[in-house]
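File shown: query34.cif. Contents: mmCIF, C-alpha atoms and all ligand atoms.
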```cif
data_upload
loop_
_atom_site.label_atom_id
_atom_site.label_comp_id
_atom_site.auth_asym_id
_atom_site.auth_seq_id
_atom_site.Cartn_x
_atom_site.Cartn_y
_atom_site.Cartn_z
CA MET W 7 -13.37 -25.29 34.38
CA SER W 8 -13.46 -28.59 32.51
CA PRO W 9 -10.12 -30.35 32.30
CA SER W 10 -8.38 -30.01 28.96
CA THR W 11 -6.73 -33.06 27.46
CA ASP W 12 -3.17 -33.26 28.67
CA GLU W 13 -1.18 -36.36 27.81
CA HIS W 14 1.20 -35.62 30.66
CA ALA W 15 -1.39 -35.97 33.41
CA LEU W 16 -0.49 -38.97 35.59
CA LEU W 17 -4.13 -40.03 35.59
CA GLU W 18 -7.02 -38.55 33.68
CA MET W 19 -10.69 -39.50 33.72
CA ARG W 20 -12.71 -38.56 30.66
CA HIS W 21 -16.51 -38.61 30.55
CA ILE W 22 -16.86 -41.52 32.94
CA SER W 23 -20.39 -42.80 33.57
CA LYS W 24 -21.49 -45.73 35.71
CA TYR W 25 -24.97 -47.20 35.88
CA PHE W 26 -26.22 -49.93 38.19
CA GLY W 27 -29.41 -51.08 36.47
CA ASN W 28 -31.37 -47.87 36.21
CA VAL W 29 -29.43 -46.17 39.03
CA THR W 30 -27.04 -43.53 37.73
CA ALA W 31 -24.07 -43.58 40.13
CA LEU W 32 -21.86 -41.34 37.92
CA GLU W 33 -22.73 -39.34 34.82
CA ASP W 34 -20.09 -37.82 32.53
CA ILE W 35 -17.36 -37.24 35.12
CA SER W 36 -13.99 -35.85 34.08
CA THR W 37 -11.00 -34.83 36.17
CA ARG W 38 -7.28 -35.38 36.41
CA VAL W 39 -4.55 -36.23 38.90
CA GLU W 40 -1.04 -34.83 38.52
CA ALA W 41 2.11 -36.27 40.07
CA GLY W 42 2.92 -34.28 43.20
CA LYS W 43 -0.62 -32.89 43.44
CA VAL W 44 -3.77 -33.63 45.40
CA THR W 45 -7.14 -33.94 43.64
CA CYS W 46 -10.03 -33.72 46.11
CA VAL W 47 -13.35 -35.38 45.32
CA LEU W 48 -16.14 -33.78 47.33
CA GLY W 49 -19.73 -34.82 47.71
CA ASP W 50 -22.45 -35.74 50.16
CA ASN W 51 -23.89 -39.20 50.77
CA GLY W 52 -24.80 -40.94 47.53
CA ALA W 53 -22.81 -38.45 45.44
CA GLY W 54 -20.86 -41.25 43.77
CA LYS W 55 -17.53 -40.89 45.59
CA SER W 56 -17.12 -44.58 46.41
CA THR W 57 -18.16 -45.58 42.90
CA PHE W 58 -15.55 -43.19 41.52
CA ILE W 59 -12.82 -44.78 43.68
CA LYS W 60 -13.96 -48.30 42.90
CA ILE W 61 -13.60 -47.66 39.17
CA LEU W 62 -10.04 -46.41 39.65
CA SER W 63 -9.29 -49.34 41.99
CA GLY W 64 -10.47 -51.93 39.45
CA VAL W 65 -13.48 -53.00 41.55
CA HIS W 66 -15.99 -51.66 38.98
CA GLN W 67 -15.65 -51.01 35.28
CA PRO W 68 -17.15 -47.82 33.87
CA SER W 69 -20.32 -48.08 31.75
CA SER W 70 -18.80 -45.51 29.40
CA GLY W 71 -15.90 -43.08 29.23
CA GLU W 72 -12.20 -43.78 29.66
CA TYR W 73 -9.23 -43.15 31.90
CA THR W 74 -5.63 -42.72 30.88
CA MET W 75 -2.24 -42.83 32.58
CA TYR W 76 0.24 -40.42 31.02
CA GLY W 77 -2.09 -40.17 28.04
CA THR W 78 -2.37 -43.93 27.40
CA PRO W 79 -5.83 -45.48 27.90
CA VAL W 80 -5.79 -48.08 30.69
CA GLU W 81 -8.37 -50.58 31.89
CA PHE W 82 -8.36 -52.16 35.30
CA ALA W 83 -10.25 -55.43 35.08
CA SER W 84 -9.56 -56.24 38.73
CA PRO W 85 -8.11 -54.68 41.89
CA ARG W 86 -4.90 -56.56 41.15
CA ASP W 87 -4.69 -54.85 37.75
CA ALA W 88 -5.04 -51.44 39.39
CA ARG W 89 -2.42 -52.26 42.03
CA ASN W 90 -0.01 -53.49 39.36
CA SER W 91 -0.40 -50.13 37.62
CA GLY W 92 0.61 -48.35 40.82
CA ILE W 93 -2.81 -47.42 42.20
CA ALA W 94 -2.90 -47.80 45.99
CA THR W 95 -6.26 -47.41 47.69
CA VAL W 96 -6.58 -46.81 51.42
CA PHE W 97 -10.19 -47.74 52.14
CA GLN W 98 -11.99 -46.22 55.07
CA ASP W 99 -11.72 -49.36 57.18
CA LEU W 100 -7.99 -49.40 56.35
CA ALA W 101 -7.47 -53.16 56.24
CA LEU W 102 -4.88 -52.92 59.00
CA ALA W 103 -4.66 -55.66 61.64
CA PRO W 104 -5.20 -53.94 65.02
CA LEU W 105 -3.50 -56.63 67.11
CA LEU W 106 -0.32 -56.68 65.05
CA SER W 107 2.52 -54.22 65.54
CA VAL W 108 3.08 -51.16 63.38
CA TRP W 109 6.00 -52.76 61.56
CA ARG W 110 4.12 -56.04 60.93
CA ASN W 111 1.26 -54.02 59.47
CA PHE W 112 3.67 -52.00 57.36
CA PHE W 113 4.87 -55.20 55.66
CA LEU W 114 1.65 -57.22 55.95
CA GLY W 115 1.31 -59.55 52.95
CA VAL W 116 4.59 -58.40 51.40
CA GLU W 117 7.07 -59.55 54.04
CA PRO W 118 10.60 -59.78 52.67
CA MET W 119 11.93 -63.31 52.76
CA HIS W 120 15.44 -64.46 53.55
CA LEU W 121 16.52 -67.80 52.07
CA GLY W 122 12.89 -68.24 51.08
CA VAL W 123 11.54 -68.55 54.61
CA ILE W 124 12.86 -66.30 57.33
CA MET W 125 11.35 -62.89 57.80
CA ARG W 126 14.00 -60.33 58.60
CA SER W 127 12.26 -58.60 61.47
CA ALA W 128 15.17 -56.28 62.29
CA PHE W 129 15.16 -54.99 58.71
CA MET W 130 11.39 -54.56 58.72
CA LYS W 131 11.37 -52.69 62.04
CA LYS W 132 14.16 -50.38 60.94
CA THR W 133 12.61 -49.75 57.52
CA ALA W 134 9.13 -49.09 58.91
CA LYS W 135 10.55 -46.60 61.39
CA GLU W 136 12.72 -44.86 58.77
CA GLU W 137 9.99 -44.67 56.16
CA MET W 138 7.49 -43.23 58.62
CA ALA W 139 10.11 -40.71 59.78
CA LYS W 140 10.67 -39.63 56.14
CA MET W 141 7.00 -38.67 56.02
CA GLY W 142 7.40 -36.73 59.28
CA ILE W 143 5.65 -39.45 61.29
CA ASP W 144 7.40 -39.94 64.58
CA LEU W 145 6.08 -43.01 66.37
CA ARG W 146 7.58 -43.79 69.75
CA ASP W 147 7.61 -47.49 69.15
CA VAL W 148 6.99 -49.51 65.97
CA ASP W 149 6.47 -52.58 68.17
CA GLN W 150 3.18 -51.23 69.53
CA PRO W 151 -0.03 -52.76 68.15
CA VAL W 152 -1.77 -50.65 65.50
CA GLY W 153 -4.91 -50.87 67.66
CA THR W 154 -3.27 -48.57 70.22
CA LEU W 155 -2.66 -45.79 67.67
CA SER W 156 -4.91 -42.79 67.15
CA GLY W 157 -7.09 -42.70 64.02
CA GLY W 158 -4.76 -40.20 62.38
CA GLU W 159 -1.67 -42.29 63.12
CA ARG W 160 -3.35 -45.38 61.67
CA GLN W 161 -4.07 -43.53 58.45
CA SER W 162 -0.44 -42.42 58.41
CA VAL W 163 0.82 -46.02 58.59
CA ALA W 164 -1.33 -46.89 55.56
CA ILE W 165 -0.12 -43.80 53.66
CA ALA W 166 3.58 -44.41 54.43
CA ARG W 167 3.21 -48.05 53.38
CA ALA W 168 1.73 -47.07 49.99
CA VAL W 169 4.56 -44.59 49.41
CA TYR W 170 7.26 -47.12 50.33
CA PHE W 171 5.85 -49.83 48.08
CA GLY W 172 6.06 -47.58 45.06
CA ALA W 173 2.48 -46.42 44.50
CA ARG W 174 2.09 -43.76 41.83
CA VAL W 175 -1.48 -42.86 42.70
CA LEU W 176 -2.71 -42.89 46.28
CA ILE W 177 -6.47 -42.91 46.84
CA LEU W 178 -7.67 -41.98 50.31
CA ASP W 179 -11.34 -42.75 51.00
CA GLU W 180 -12.69 -40.24 53.54
CA PRO W 181 -9.56 -40.48 55.70
CA THR W 182 -10.73 -37.68 58.01
CA SER W 183 -14.44 -38.49 58.34
CA ALA W 184 -14.14 -40.25 61.71
CA LEU W 185 -11.51 -37.88 63.13
CA GLY W 186 -11.53 -34.74 65.26
CA VAL W 187 -9.95 -31.44 64.25
CA LYS W 188 -6.43 -32.19 65.48
CA GLN W 189 -6.23 -35.72 64.06
CA SER W 190 -7.68 -34.50 60.77
CA GLY W 191 -4.85 -31.97 60.64
CA VAL W 192 -2.37 -34.82 61.09
CA VAL W 193 -3.87 -36.74 58.16
CA LEU W 194 -3.88 -33.63 55.95
CA LYS W 195 -0.18 -33.19 56.71
CA TYR W 196 0.66 -36.77 55.64
CA THR W 197 -1.54 -36.47 52.58
CA ARG W 198 0.49 -33.45 51.53
CA ALA W 199 3.70 -35.31 52.38
CA ALA W 200 2.71 -38.15 50.04
CA ALA W 201 2.17 -35.64 47.21
CA ASP W 202 5.51 -34.01 48.03
CA ARG W 203 7.11 -37.42 47.56
CA GLY W 204 5.80 -37.32 43.97
CA LEU W 205 2.58 -39.33 44.17
CA GLY W 206 -0.67 -38.19 42.61
CA VAL W 207 -3.19 -38.23 45.47
CA ILE W 208 -6.98 -38.53 45.33
CA PHE W 209 -8.52 -37.33 48.56
CA ILE W 210 -12.20 -38.11 49.15
CA THR W 211 -14.15 -36.03 51.64
CA HIS W 212 -17.48 -34.36 52.26
CA ASN W 213 -15.79 -31.52 54.18
CA PRO W 214 -14.65 -28.46 52.17
CA ASN W 215 -12.63 -27.31 55.20
CA HIS W 216 -10.49 -30.44 54.90
CA ALA W 217 -10.30 -30.31 51.12
CA PHE W 218 -9.35 -26.70 50.60
CA PRO W 219 -6.05 -26.58 52.56
CA VAL W 220 -4.72 -29.81 51.04
CA GLY W 221 -6.14 -29.80 47.51
CA ASP W 222 -4.71 -28.60 44.19
CA ARG W 223 -7.85 -29.57 42.27
CA PHE W 224 -11.45 -30.05 43.35
CA LEU W 225 -14.08 -32.25 41.73
CA LEU W 226 -17.53 -31.65 43.21
CA LEU W 227 -20.10 -34.41 42.86
CA ASN W 228 -23.81 -34.29 43.55
CA ARG W 229 -26.03 -37.31 42.94
CA GLY W 230 -23.57 -38.66 40.39
CA HIS W 231 -23.28 -35.40 38.47
CA SER W 232 -20.37 -32.97 38.43
CA LEU W 233 -20.95 -29.55 39.96
CA GLY W 234 -17.54 -28.56 38.61
CA ASP W 235 -13.90 -29.57 38.36
CA PHE W 236 -11.69 -26.70 39.45
CA ALA W 237 -7.97 -26.02 39.71
CA LYS W 238 -7.12 -24.31 43.01
CA ASP W 239 -6.75 -20.88 41.40
CA GLU W 240 -10.22 -21.20 39.87
CA ILE W 241 -12.16 -21.42 43.12
CA SER W 242 -12.06 -19.84 46.60
CA HIS W 243 -12.67 -21.60 49.90
CA THR W 244 -15.97 -19.71 50.27
CA GLU W 245 -17.12 -20.65 46.78
CA LEU W 246 -16.23 -24.32 47.37
CA THR W 247 -18.23 -24.33 50.60
CA ARG W 248 -21.16 -22.56 48.94
CA LEU W 249 -21.26 -25.02 46.04
CA MET W 250 -21.15 -28.00 48.42
CA ALA W 251 -23.92 -26.56 50.60
CA GLY W 252 -25.98 -25.71 47.50
CA GLY W 253 -25.73 -29.31 46.32
CA ALA W 254 -26.88 -30.61 49.70
CA GLU W 255 -29.77 -28.16 49.91
CA LEU W 256 -30.94 -29.03 46.43
CA GLU W 257 -30.89 -32.72 47.30
CA GLU W 258 -32.87 -32.11 50.50
CA LEU W 259 -35.43 -30.04 48.66
CA GLU W 260 -35.84 -32.66 45.95
CA HIS W 261 -36.40 -35.32 48.62
CA GLU W 262 -38.91 -33.08 50.38
CA ILE W 263 -41.01 -32.49 47.31
CA GLY W 264 -40.71 -36.13 46.28
CA ILE W 265 -38.94 -35.91 42.95
CA ARG W 266 -36.02 -38.07 44.16
N1 LIG A 1 -23.22 -51.93 43.64
C1 LIG A 1 -24.23 -51.05 43.52
N2 LIG A 1 -25.44 -51.44 43.05
C2 LIG A 1 -26.45 -50.57 42.92
N3 LIG A 1 -26.37 -49.26 43.23
C3 LIG A 1 -25.21 -48.81 43.70
C4 LIG A 1 -24.08 -49.68 43.88
N4 LIG A 1 -23.04 -48.94 44.37
C5 LIG A 1 -23.52 -47.70 44.50
N5 LIG A 1 -24.80 -47.60 44.10
C6 LIG A 1 -25.62 -46.39 44.07
O1 LIG A 1 -24.90 -45.37 43.42
C7 LIG A 1 -25.07 -44.13 44.05
C8 LIG A 1 -23.71 -43.55 44.48
O2 LIG A 1 -23.21 -44.35 45.55
P1 LIG A 1 -21.77 -44.19 46.18
O3 LIG A 1 -21.60 -45.26 47.20
O4 LIG A 1 -20.76 -44.11 45.10
O5 LIG A 1 -21.90 -42.76 46.90
P2 LIG A 1 -20.93 -42.05 47.96
O6 LIG A 1 -20.71 -40.67 47.48
O7 LIG A 1 -19.76 -42.89 48.22
O8 LIG A 1 -21.86 -41.98 49.25
P3 LIG A 1 -21.46 -42.11 50.83
O9 LIG A 1 -20.93 -40.77 51.24
O10 LIG A 1 -22.80 -42.39 51.46
O11 LIG A 1 -20.49 -43.22 50.98
C9 LIG A 1 -26.03 -44.36 45.21
O12 LIG A 1 -27.33 -44.05 44.77
C10 LIG A 1 -25.89 -45.84 45.47
O13 LIG A 1 -27.07 -46.37 46.01
MG MG A 2 -18.99 -43.88 49.92
#
```
For this file, write the structure as structure tokens.
Amino acid sequence: MSPSTDEHALLEMRHISKYFGNVTALEDISTRVEAGKVTCVLGDNGAGKSTFIKILSGVHQPSSGEYTMYGTPVEFASPRDARNSGIATVFQDLALAPLLSVWRNFFLGVEPMHLGVIMRSAFMKKTAKEEMAKMGIDLRDVDQPVGTLSGGERQSVAIARAVYFGARVLILDEPTSALGVKQSGVVLKYTRAAADRGLGVIFITHNPNHAFPVGDRFLLLNRGHSLGDFAKDEISHTELTRLMAGGAELEELEHEIGIR
């Protein structure tokens, strides 16, 4: 159940805790992310999911514990540090510009220059279209504003962009939480496609029905504590759902009787 030390894991978290004053956001959390695999982090509100991501994205530093990449301890002092180490985080609000076209968004902030000034728009359009097609994303028109895309398609632009720019670890923060069944399916497909391209993916969700089909490993959080860290062959869909529901019920009960 608990992850063994494996120096070949792309990313491994060992006994990570994070305290904000006397609030325990995470307590002794360990899991791992393999290249080509999806690690799902599940938990209800306040479970510590965002804190977990923010540590790996260099926004927060852990209070104790360590994380390693291919067995070597790493420390991300800033989001730039994390990005330079190949960690790409797609936050829930996506940071895409809705009025700009798909291809402008694809290259936003990293536009290739020609002779130091001119953006090669033909190259960018072609590349954006090709890269999205490689992920199985077939957009009619990369000139359309991102604001006209469905929620699932928007997530897919962000995922394809991270893959193209050489991310090794892709962190997706609740990419399906605002989406319906069909659009969620679309995002799960691209999440899998990113792993198939060799990235280690961290997929955050509170929905076991989204996690189970896409995940290779499942870390369950409840109020900052781990309810378990399972490889796919160690847990069934039913068991995952039961554990998640159990965590939520416990939390509700504790609130009700006033010990939280
Ligand atoms: N910067 C902070 N300062 C103080 N407390 C914080 C801070 N960030 C998070 N917390 C606390 O840590 C706990 C975990 O919060 P976190 O945002 O990681 O949960 P979450 O699983 O992402 O929840 P949600 O599903 O609601 O987004 C909460 O009790 C929260 O109030
Ligand atoms: Mg959160």
Distance filter 6 Å around ligand LIG 1 (chain A), atoms: only C-alpha atoms and all ligand atoms, out as a PyMOL selection string: chain W and resi 26+31+49-57
Distance criterion (all atoms listed in the file): nearest to ligand MG 2 (chain A) out of W:Leu48, W:Leu16, W:Met119, W:Ala166: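 Using all atoms listed in the file, ligand MG 2 (chain A) sits closest to W:Leu48.
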Kindly list the centre and edge lengths in Å, rounded to one decimal, for the axis-aligned box that covers all listed atoms of segment 177-183 of chain W plus 8 Å on each of its six sides, as AutoDock Vina command-line options.
```
--center_x -10.5 --center_y -40.3 --center_z 52.6 --size_x 24.0 --size_y 21.2 --size_z 27.5
```
Near-segment 132-139 of chain W list (9 Å; all atoms listed in the file; drop same-chain fewer than 2 positions) as a PyMOL selection string: chain W and resi 108-110+112-113+127-130+141-145+147-148+162-163+166-167+169-170
Nearest to ligand MG 2 (chain A) by atom-to-atom distance, counting all atoms listed in the file, from W:Leu17, W:Ile93, W:Ala237, W:Ile59: W:Ile59
Distance criterion (all atoms listed in the file): nearest to Ala201 of chain W out of W:Ser91, W:Thr37, W:Ser70, W:Thr45: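 Ranked by minimum distance to Ala201 of chain W, first place goes to W:Thr45.
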For atom CA of Ile241 of chain W and atom CA of Val207 of chain W, the interatomic separation in Å (one decimal):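 Between atom CA of Ile241 of chain W and atom CA of Val207 of chain W the gap is 19.2 Å.
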